[in-house]
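Engineer: Quick one: the structure is below, questions incoming.
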Amino acid sequence: MTDPQAPPTTATQAPTMMVTPTLLTAARAIVRGPSLNRTKTAGYDVKPDEKILLVEKATDDPAVTQALSQAMRELGARVDVFHVDIEDRPMDYLDEFRGLMHNIPGVEYDEAFKLWRQRFEWLERAAVEQDYQLLLQGDAGALPNLDGVRYEGVPWYHRITFPAAGFPWPLWDLINTKAWQPIWERGRGAWVELTDPEGSEIRWRLQEKYFEESHYEGHRRRFRPEYYLGHLFGWPTPPYDDGLECEGVVAGTLNHFGRPFPHAKAHFKGAKLTHVEGGGEYGDKWRELMELTKDIQYPEYPDKGLFWLWECAIGTQPKMARPPYAFTLSGHAAMYERLRSGIIHIGIGTGNANVSEKWAAEQGLPYGHLHIHMQFATYKLHTTDGEEITVIDNGRLKALDDPEVRDLAAEYGDPDELLTEAWTPPIPGISVPGDYWKDYAPDPARWIEENDVSQA
């Protein structure tokens, strides 16, 4: 029930409400799940008498804080909540650069965005020094290992997205495993064909050397035998050698942190970005940065230039959704929806915390990566023995239809309900009525604000 004393909801203000049974059910599940030291977390493994530090920002939903705190206290834990005050605002076209790029001229500093985006190192130190057993903060990126303190993220800090936290962990584990198996076990030497109705059409070969541990010596390895929770790699990660076999176009209107931008096309040859078409202000800044970095040789790449395809990340969580007022700091932009099963985000630039980033930071040079999201992708694997394996079909992660996955889902409830996506991206001419090129592509932000019911 809504708190009658709560202030009225606006487009840039998260509402306040009491904990609902749905939120509490999800919280009780996640606090008992396995602790894996991830922002895309499986659980917190809370034990009685543990001392827990939960970091809540003003742009986070207080209903989630309440649900988590109550569920952890029910297990006999003590929860301290540290509140960070941040002024909310709508996202703009350059926020992707603020959030993911470094040493970039012409991008105005924003203290609110910095606080919203970052994890606080001083709180990491405080958690260790004050003898906490668990620290909870952050919704993206790798988490450090803290001395004696478990560290987990909160990748669904909104009452609309938080129910995904209650999805049965053994079932999500199996979905990740089943989706990753064909890529890792059948992908050596295979060709990938990746398309979507917004205009993406790209293919690459999964060269065998990128499956070998020895290739990544001295590098932060990301392509590996075990799956990466909620973020399966459909393309190998750096370092890259000569002869990359990758050519085509990735197109779309969304990235992680920014306002939805006019339709853009990123063209690749040999996995290197050759040019960007369209994209409005986002595309203009991208082209400017391409020119600025075209003669820089980054350590992990076979030729000069910053922008290389390094990430093809596949979401695996069927209950992730786009929250209302998504494209504000309170809505966390498209960060949540990128984890939804079947959605792909393409990353172009340097890989997180890899060798090239450390080198560029020391040199004071630009580094980081930008994204384009693919919301209705079809990912097909053409194996060396001639088999075609569909990993994603028009936005549907095929692992959700695997018989073993359905059998396990039946142990928790109705498989049809559990394995049906909670949310489908509304795009005119693709998933809802309308004309994509007339109604949506020129100004997707306006269309979403006016027509997407999840923004109400």
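The chains in the structure tokens are called A, B, ... from first to last as shown; in each chain the residues are counted from 1, and the ligands are counted from 1 in the order shown.
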What's the 12 Å shell around A:Glu74, counting only C-alpha atoms, without same-chain residues fewer than 3 positions away, as a list of chain:residue names?
Structural biologist: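 In the requested format, the answer is A:Leu24, A:Ala27, A:Arg28, A:Val31, A:Arg32, A:Val46, A:Lys47, A:Pro48, A:Asp49, A:Glu50, A:Ala67, A:Leu68, A:Ser69, A:Gln70, A:Ala71, A:Ala77, A:Arg78, A:Val79.
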Engineer: Residues of the last selection are to be written out with C-alpha atoms, as a PDB file, in the first residue's frame.
Structural biologist:
```pdb
ATOM      1  CA  LEU A  24       9.836  -9.133   0.373  1.00  0.00           C
ATOM      2  CA  ALA A  27      14.501 -10.102  -0.898  1.00  0.00           C
ATOM      3  CA  ARG A  28      14.150 -13.311   1.103  1.00  0.00           C
ATOM      4  CA  VAL A  31      19.680 -12.839   0.821  1.00  0.00           C
ATOM      5  CA  ARG A  32      19.825 -16.648   0.970  1.00  0.00           C
ATOM      6  CA  VAL A  46      23.424 -13.905   4.894  1.00  0.00           C
ATOM      7  CA  LYS A  47      24.030 -15.635   8.236  1.00  0.00           C
ATOM      8  CA  PRO A  48      22.782 -14.850  11.762  1.00  0.00           C
ATOM      9  CA  ASP A  49      24.729 -12.204  13.683  1.00  0.00           C
ATOM     10  CA  GLU A  50      26.466 -10.877  10.568  1.00  0.00           C
ATOM     11  CA  ALA A  67      12.841  -5.100   1.605  1.00  0.00           C
ATOM     12  CA  LEU A  68      16.515  -6.073   1.744  1.00  0.00           C
ATOM     13  CA  SER A  69      16.956  -4.730   5.259  1.00  0.00           C
ATOM     14  CA  GLN A  70      13.900  -6.565   6.558  1.00  0.00           C
ATOM     15  CA  ALA A  71      14.873  -9.870   4.912  1.00  0.00           C
ATOM     16  CA  ALA A  77      21.778  -9.993  10.749  1.00  0.00           C
ATOM     17  CA  ARG A  78      22.419  -6.355  11.655  1.00  0.00           C
ATOM     18  CA  VAL A  79      22.082  -3.946   8.737  1.00  0.00           C
TER      19      VAL A  79
END
```
Engineer: Write out as a PDB file with C-alpha atoms, in the first residue's frame the residues lying within 10 Å of A:Lys51, counting only C-alpha atoms and excluding same-chain residues fewer than 6 positions away.
Structural biologist:
```
ATOM      1  CA  MET A  72      18.410  -9.683   6.338  1.00  0.00           C
ATOM      2  CA  GLY A  76      19.353 -12.348  12.499  1.00  0.00           C
ATOM      3  CA  ALA A  77      21.778  -9.993  10.749  1.00  0.00           C
ATOM      4  CA  ARG A  78      22.419  -6.355  11.655  1.00  0.00           C
ATOM      5  CA  VAL A  79      22.082  -3.946   8.737  1.00  0.00           C
ATOM      6  CA  ASP A  80      23.572  -0.458   8.589  1.00  0.00           C
ATOM      7  CA  ALA A 127      33.745  -2.127   5.697  1.00  0.00           C
ATOM      8  CA  GLN A 130      34.767  -1.674  10.952  1.00  0.00           C
ATOM      9  CA  ASP A 131      34.580  -5.473  10.755  1.00  0.00           C
ATOM     10  CA  TYR A 132      31.573  -5.823   8.477  1.00  0.00           C
ATOM     11  CA  GLN A 133      31.018  -9.285   7.025  1.00  0.00           C
ATOM     12  CA  LEU A 134      29.162  -8.080   3.897  1.00  0.00           C
ATOM     13  CA  LEU A 135      29.204  -4.905   1.780  1.00  0.00           C
ATOM     14  CA  VAL A 149      34.423  -8.924   3.745  1.00  0.00           C
TER      15      VAL A 149
END
```
Engineer: Looking at A:Gly349, A:Pro225, A:Gly305, A:Gly199, which one is nearest to A:His373, with distances taken over only C-alpha atoms?
Structural biologist: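 Selected residue with least distance to A:His373: A:Gly199.
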Engineer: Counting only C-alpha atoms, which residue out of A:Tyr325, A:Phe97, A:Trp184, A:Phe162 sits closest to A:Leu381?
Structural biologist: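 Between A:Tyr325, A:Phe97, A:Trp184, A:Phe162, the residue approaching A:Leu381 most closely is A:Trp184.
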Engineer: Nearest to A:Ala399 among A:Asn255, A:Thr22, A:Thr316, A:Thr384, with distances taken over only C-alpha atoms: which residue is it?
Structural biologist: A:Thr316
Engineer: With only C-alpha atoms counted and 12 Å as the cut-off, give the residues of stretch 80-107 of chain A in contact with stretch 442-449 of chain A, each with its shortest interatomic distance in Å and the pair that gives it, as JSON lines.
Structural biologist:
```
{"residue": "A:Pro90", "atom": "CA", "partner": "A:Ala445", "partner_atom": "CA", "distance": 11.2}
{"residue": "A:Met91", "atom": "CA", "partner": "A:Ala445", "partner_atom": "CA", "distance": 10.3}
{"residue": "A:Asp92", "atom": "CA", "partner": "A:Ala445", "partner_atom": "CA", "distance": 10.2}
{"residue": "A:Tyr93", "atom": "CA", "partner": "A:Ala445", "partner_atom": "CA", "distance": 10.2}
```
Engineer: May I have the residues from that selection written out with C-alpha atoms, as a short mmCIF file (atom, residue, chain, number, x, y, z; two decimals), in the first residue's frame?
Structural biologist:
```
data_model
loop_
_atom_site.label_atom_id
_atom_site.label_comp_id
_atom_site.auth_asym_id
_atom_site.auth_seq_id
_atom_site.Cartn_x
_atom_site.Cartn_y
_atom_site.Cartn_z
CA PRO A 90 17.14 13.20 -16.80
CA MET A 91 19.89 11.44 -18.76
CA ASP A 92 21.49 13.29 -21.66
CA TYR A 93 23.24 12.13 -24.84
#
```
Engineer: Compare A:Tyr301, A:Tyr336, A:Trp180, A:Phe261 by their minimum atom-to-atom distance to A:Asp242, counting only C-alpha atoms, and give me the closest one.
Structural biologist: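 Checking each of A:Tyr301, A:Tyr336, A:Trp180, A:Phe261 against A:Asp242, counting only C-alpha atoms, the winner is A:Tyr301.
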